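Reading through the structure tokens given below for one structure.
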Amino acid sequence: MAARRISAFAVLAFVAAAGCGGATGSGARASVQPAPAGHAGLTPAAQAKADSGRPPYTRADVHFVSGMIAHHAQAVLMAGWAPTHGASASVRGLCERIAVGQRDEIAFMQRWLRERHETVPDADASHMMMSGMDHPALMPGMLTPEQLTQLDGARGLAFDRLFLIFMIQHHEGAITMVEQLFGARGAAQDDAIFKFASDVNVDQTTEIDRMNTMLAAMASDKRSP
């Protein structure tokens, strides 16, 4: 009789354990079900989770990107004068490449800032020509309002020569900005910023070499009888 009671208790214990195990397994399966697609990214918790997946960035990164937007905007302004200022075919070709490439990079930088809820600077450089007005600190290599006025007033070969001189100065300033970024503690850990800054360094170094060659050719032509 005692043996039958023990067997009955054992069966009941087994059934209870099986029931609990089934409930646990069902709960575990429910916990890994994905959230409905319509709710992805809409809640603060979901947004925080998405942000946590991004590489870290620093104030130096933001300063570099914000400053480079203004820097690029001025280069686009300068390059845009080539067709109306009598630039040679070679200088016009250079200006077209600069304008197209730097407009694309401005769009990338503005998007990068916007996605991180940072202030996005205006990319209109026309106000930079207004002398006597308060201007934010110019980034390295950027032209002063007086230099911009001087370039705007040049035509033909004078424009070509002045444009090359000023754009070399401008590009050298951009390289300085990259060096400052890479020298800042913890900066450029974001893959997109590291790649962008590296590309700026390579591309503008290459264009400086090209513009120096063009200047040398102009000087040689001037000396020819």
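Scheme for the structure tokens: letters A, B, ... for chains in order shown; per-chain residue numbers from 1; ligand numbers from 1 in order shown.
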
List every residue of stretch 149-210 of chain A that DSSP, applied to the backbone of this structure, places in alpha helix (DSSP H), and write the result as a short mmCIF file (atom, residue, chain, number, x, y, z; two decimals) with N, CA, C and O atoms, in the first residue's frame.
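Wrote it out as selection_22.cif, contents follow:
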data_model
loop_
_atom_site.label_atom_id
_atom_site.label_comp_id
_atom_site.auth_asym_id
_atom_site.auth_seq_id
_atom_site.Cartn_x
_atom_site.Cartn_y
_atom_site.Cartn_z
N THR A 149 36.83 88.91 -52.78
CA THR A 149 36.53 90.05 -53.65
C THR A 149 37.60 90.19 -54.72
O THR A 149 37.31 90.48 -55.89
N GLN A 150 38.86 89.98 -54.34
CA GLN A 150 39.97 90.04 -55.30
C GLN A 150 39.80 88.98 -56.39
O GLN A 150 39.98 89.26 -57.58
N LEU A 151 39.45 87.76 -56.01
CA LEU A 151 39.26 86.69 -56.99
C LEU A 151 38.06 86.99 -57.88
O LEU A 151 38.12 86.78 -59.10
N ASP A 152 36.97 87.47 -57.29
CA ASP A 152 35.77 87.76 -58.05
C ASP A 152 36.01 88.86 -59.08
O ASP A 152 35.34 88.91 -60.12
N LEU A 157 43.24 85.06 -67.73
CA LEU A 157 44.43 84.43 -67.17
C LEU A 157 44.68 84.87 -65.73
O LEU A 157 45.20 84.11 -64.91
N ALA A 158 44.30 86.12 -65.41
CA ALA A 158 44.47 86.61 -64.04
C ALA A 158 43.60 85.80 -63.08
O ALA A 158 44.02 85.47 -61.96
N PHE A 159 42.40 85.46 -63.54
CA PHE A 159 41.53 84.63 -62.70
C PHE A 159 42.15 83.25 -62.53
O PHE A 159 42.16 82.69 -61.42
N ASP A 160 42.62 82.64 -63.64
CA ASP A 160 43.23 81.31 -63.56
C ASP A 160 44.33 81.27 -62.51
O ASP A 160 44.36 80.39 -61.65
N ARG A 161 45.23 82.22 -62.62
CA ARG A 161 46.40 82.22 -61.72
C ARG A 161 45.97 82.44 -60.26
O ARG A 161 46.41 81.72 -59.37
N LEU A 162 45.09 83.40 -60.04
CA LEU A 162 44.68 83.70 -58.67
C LEU A 162 43.85 82.55 -58.09
O LEU A 162 43.99 82.22 -56.90
N PHE A 163 43.02 81.95 -58.93
CA PHE A 163 42.23 80.82 -58.46
C PHE A 163 43.14 79.69 -57.99
O PHE A 163 42.92 79.10 -56.92
N LEU A 164 44.14 79.36 -58.77
CA LEU A 164 45.04 78.26 -58.41
C LEU A 164 45.79 78.57 -57.12
O LEU A 164 45.93 77.72 -56.24
N ILE A 165 46.26 79.80 -56.99
CA ILE A 165 47.00 80.19 -55.78
C ILE A 165 46.10 80.08 -54.55
O ILE A 165 46.47 79.50 -53.52
N PHE A 166 44.89 80.63 -54.68
CA PHE A 166 43.98 80.62 -53.53
C PHE A 166 43.44 79.21 -53.23
O PHE A 166 43.24 78.85 -52.06
N MET A 167 43.23 78.40 -54.26
CA MET A 167 42.69 77.06 -54.01
C MET A 167 43.77 76.15 -53.41
O MET A 167 43.45 75.25 -52.62
N ILE A 168 45.02 76.38 -53.76
CA ILE A 168 46.10 75.64 -53.10
C ILE A 168 46.10 75.99 -51.61
O ILE A 168 46.19 75.10 -50.74
N GLN A 169 46.00 77.27 -51.30
CA GLN A 169 45.91 77.71 -49.90
C GLN A 169 44.72 77.04 -49.22
O GLN A 169 44.83 76.55 -48.08
N HIS A 170 43.60 77.00 -49.92
CA HIS A 170 42.36 76.43 -49.38
C HIS A 170 42.54 74.94 -49.09
O HIS A 170 42.17 74.45 -48.01
N HIS A 171 43.10 74.21 -50.04
CA HIS A 171 43.31 72.76 -49.87
C HIS A 171 44.30 72.47 -48.74
O HIS A 171 44.12 71.51 -47.98
N GLU A 172 45.34 73.27 -48.66
CA GLU A 172 46.31 73.06 -47.57
C GLU A 172 45.64 73.23 -46.21
O GLU A 172 45.96 72.52 -45.25
N GLY A 173 44.70 74.17 -46.13
CA GLY A 173 43.95 74.35 -44.90
C GLY A 173 43.11 73.13 -44.55
O GLY A 173 43.00 72.75 -43.39
N ALA A 174 42.50 72.52 -45.58
CA ALA A 174 41.70 71.31 -45.34
C ALA A 174 42.58 70.18 -44.80
O ALA A 174 42.16 69.43 -43.90
N ILE A 175 43.78 70.05 -45.32
CA ILE A 175 44.71 69.03 -44.84
C ILE A 175 45.09 69.31 -43.38
O ILE A 175 45.18 68.38 -42.56
N THR A 176 45.26 70.58 -43.05
CA THR A 176 45.54 70.95 -41.66
C THR A 176 44.37 70.53 -40.76
O THR A 176 44.59 70.01 -39.65
N MET A 177 43.15 70.72 -41.23
CA MET A 177 41.98 70.32 -40.43
C MET A 177 41.96 68.81 -40.19
O MET A 177 41.62 68.35 -39.10
N VAL A 178 42.33 68.04 -41.21
CA VAL A 178 42.39 66.58 -41.04
C VAL A 178 43.45 66.22 -40.00
O VAL A 178 43.22 65.37 -39.13
N GLU A 179 44.60 66.86 -40.08
CA GLU A 179 45.67 66.58 -39.11
C GLU A 179 45.23 66.92 -37.70
O GLU A 179 45.53 66.19 -36.74
N GLN A 180 44.50 68.02 -37.55
CA GLN A 180 44.00 68.40 -36.22
C GLN A 180 43.00 67.37 -35.71
O GLN A 180 42.99 67.04 -34.52
N LEU A 181 42.15 66.87 -36.60
CA LEU A 181 41.18 65.85 -36.20
C LEU A 181 41.88 64.59 -35.72
O LEU A 181 41.57 64.07 -34.64
N PHE A 182 42.83 64.10 -36.50
CA PHE A 182 43.52 62.87 -36.14
C PHE A 182 44.38 63.04 -34.88
O PHE A 182 44.69 62.08 -34.20
N GLY A 183 44.73 64.28 -34.58
CA GLY A 183 45.53 64.54 -33.39
C GLY A 183 44.70 64.72 -32.13
O GLY A 183 45.25 64.79 -31.02
N ASP A 191 33.78 55.09 -38.25
CA ASP A 191 34.35 54.62 -39.51
C ASP A 191 34.09 55.58 -40.66
O ASP A 191 34.99 55.82 -41.48
N ALA A 192 32.88 56.14 -40.73
CA ALA A 192 32.55 57.05 -41.82
C ALA A 192 33.39 58.31 -41.77
O ALA A 192 33.87 58.80 -42.81
N ILE A 193 33.61 58.84 -40.57
CA ILE A 193 34.42 60.05 -40.43
C ILE A 193 35.89 59.76 -40.73
O ILE A 193 36.58 60.55 -41.39
N PHE A 194 36.38 58.63 -40.25
CA PHE A 194 37.78 58.26 -40.52
C PHE A 194 38.01 58.14 -42.03
O PHE A 194 38.99 58.67 -42.56
N LYS A 195 37.11 57.46 -42.72
CA LYS A 195 37.26 57.28 -44.17
C LYS A 195 37.15 58.61 -44.90
O LYS A 195 37.93 58.91 -45.80
N PHE A 196 36.17 59.42 -44.50
CA PHE A 196 35.98 60.72 -45.15
C PHE A 196 37.22 61.60 -44.98
O PHE A 196 37.72 62.18 -45.95
N ALA A 197 37.71 61.71 -43.75
CA ALA A 197 38.88 62.55 -43.49
C ALA A 197 40.11 62.03 -44.25
O ALA A 197 40.90 62.83 -44.79
N SER A 198 40.27 60.74 -44.30
CA SER A 198 41.40 60.15 -45.04
C SER A 198 41.29 60.46 -46.53
O SER A 198 42.28 60.78 -47.18
N ASP A 199 40.06 60.38 -47.06
CA ASP A 199 39.85 60.70 -48.48
C ASP A 199 40.14 62.17 -48.76
O ASP A 199 40.72 62.51 -49.81
N VAL A 200 39.72 63.06 -47.86
CA VAL A 200 40.00 64.48 -48.02
C VAL A 200 41.51 64.71 -48.10
O VAL A 200 42.01 65.44 -48.97
N ASN A 201 42.24 64.07 -47.21
CA ASN A 201 43.70 64.22 -47.18
C ASN A 201 44.33 63.78 -48.51
O ASN A 201 45.15 64.50 -49.10
N VAL A 202 43.93 62.61 -49.00
CA VAL A 202 44.50 62.07 -50.24
C VAL A 202 44.07 62.90 -51.44
O VAL A 202 44.91 63.30 -52.27
N ASP A 203 42.77 63.17 -51.55
CA ASP A 203 42.25 63.87 -52.73
C ASP A 203 42.82 65.28 -52.85
O ASP A 203 43.21 65.72 -53.94
N GLN A 204 42.88 65.99 -51.72
CA GLN A 204 43.33 67.37 -51.80
C GLN A 204 44.84 67.48 -51.95
O GLN A 204 45.34 68.41 -52.57
N THR A 205 45.57 66.51 -51.44
CA THR A 205 47.01 66.48 -51.70
C THR A 205 47.27 66.26 -53.18
O THR A 205 48.14 66.92 -53.79
N THR A 206 46.50 65.37 -53.80
CA THR A 206 46.63 65.11 -55.24
C THR A 206 46.29 66.36 -56.05
O THR A 206 47.00 66.70 -57.01
N GLU A 207 45.22 67.06 -55.66
CA GLU A 207 44.84 68.26 -56.39
C GLU A 207 45.83 69.40 -56.20
O GLU A 207 46.05 70.19 -57.13
N ILE A 208 46.45 69.48 -55.04
CA ILE A 208 47.50 70.50 -54.84
C ILE A 208 48.64 70.26 -55.82
O ILE A 208 49.15 71.20 -56.44
N ASP A 209 49.05 69.01 -55.96
CA ASP A 209 50.13 68.69 -56.91
C ASP A 209 49.71 69.08 -58.33
O ASP A 209 50.51 69.65 -59.09
N ARG A 210 48.46 68.78 -58.68
CA ARG A 210 47.97 69.12 -60.02
C ARG A 210 47.97 70.63 -60.23
O ARG A 210 48.36 71.14 -61.30
#

key: Exercise: A:Ala125 partners within 6 Å, only C-alpha atoms, chain neighbours under 3 positions left out, as a ChimeraX atom specification   = /A:73-74,128

Taking N, CA and C atoms for each residue, export the selection above as a PDB file, in the first residue's frame.
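Okay, this is what ended up in out-v9.pdb:
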ATOM      1  N   ALA A  73      31.877  74.697 -48.749  1.00  0.00           N
ATOM      2  CA  ALA A  73      30.941  75.641 -49.361  1.00  0.00           C
ATOM      3  C   ALA A  73      31.692  76.800 -50.017  1.00  0.00           C
ATOM      4  N   GLN A  74      32.754  77.272 -49.381  1.00  0.00           N
ATOM      5  CA  GLN A  74      33.530  78.354 -49.982  1.00  0.00           C
ATOM      6  C   GLN A  74      34.244  77.883 -51.253  1.00  0.00           C
ATOM      7  N   MET A 128      29.988  85.163 -47.117  1.00  0.00           N
ATOM      8  CA  MET A 128      31.392  85.280 -46.709  1.00  0.00           C
ATOM      9  C   MET A 128      32.107  86.433 -47.399  1.00  0.00           C
TER      10      MET A 128
END

ask   = With only C-alpha atoms as the basis for distance, which of A:Ala87, A:Val120, A:Met218, A:Ala70 is at the shortest distance from A:Pro140?
value =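 The answer is A:Ala70, which sits nearest to A:Pro140.
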
I'd like the neighbourhood of A:Val65 as a PDB file with N, CA and C atoms, in the first residue's frame, where a residue qualifies if any of its atoms comes within 8 Å (using only C-alpha atoms), though same-chain residues fewer than 3 positions away should be ignored.
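Dumped everything to selection_12.pdb:
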ATOM      1  N   ASP A  61      35.016  65.516 -33.590  1.00  0.00           N
ATOM      2  CA  ASP A  61      34.408  65.048 -34.837  1.00  0.00           C
ATOM      3  C   ASP A  61      33.358  66.047 -35.328  1.00  0.00           C
ATOM      4  N   VAL A  62      32.511  66.504 -34.410  1.00  0.00           N
ATOM      5  CA  VAL A  62      31.455  67.445 -34.775  1.00  0.00           C
ATOM      6  C   VAL A  62      32.062  68.762 -35.268  1.00  0.00           C
ATOM      7  N   MET A  68      34.155  71.744 -41.869  1.00  0.00           N
ATOM      8  CA  MET A  68      34.431  71.338 -43.243  1.00  0.00           C
ATOM      9  C   MET A  68      33.259  71.656 -44.168  1.00  0.00           C
ATOM     10  N   ILE A  69      32.042  71.711 -43.628  1.00  0.00           N
ATOM     11  CA  ILE A  69      30.906  72.133 -44.455  1.00  0.00           C
ATOM     12  C   ILE A  69      31.120  73.565 -44.938  1.00  0.00           C
ATOM     13  N   MET A 109      28.138  65.169 -45.063  1.00  0.00           N
ATOM     14  CA  MET A 109      28.415  65.747 -43.738  1.00  0.00           C
ATOM     15  C   MET A 109      27.144  66.255 -43.071  1.00  0.00           C
ATOM     16  N   LEU A 113      25.590  64.778 -39.446  1.00  0.00           N
ATOM     17  CA  LEU A 113      25.216  65.603 -38.293  1.00  0.00           C
ATOM     18  C   LEU A 113      23.737  65.434 -37.953  1.00  0.00           C
TER      19      LEU A 113
END

key: Closest of A:Ala187, A:Ala89, A:Val76, A:Ala154 to A:Gly101 - atom-to-atom distances counting only C-alpha atoms   =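 Of the candidates, the smallest distance to A:Gly101 is held by A:Val76.
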
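Note that the spacing between atom CA of A:Arg103 and atom CA of A:Ala123 amounts to 9.2 Å.
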
request  = Pick out the closest residue to A:Ile98 from this set: A:Tyr57, A:Ala82, A:Ser220, A:Ala184. Count only C-alpha atoms.
outcome  = A:Ala82
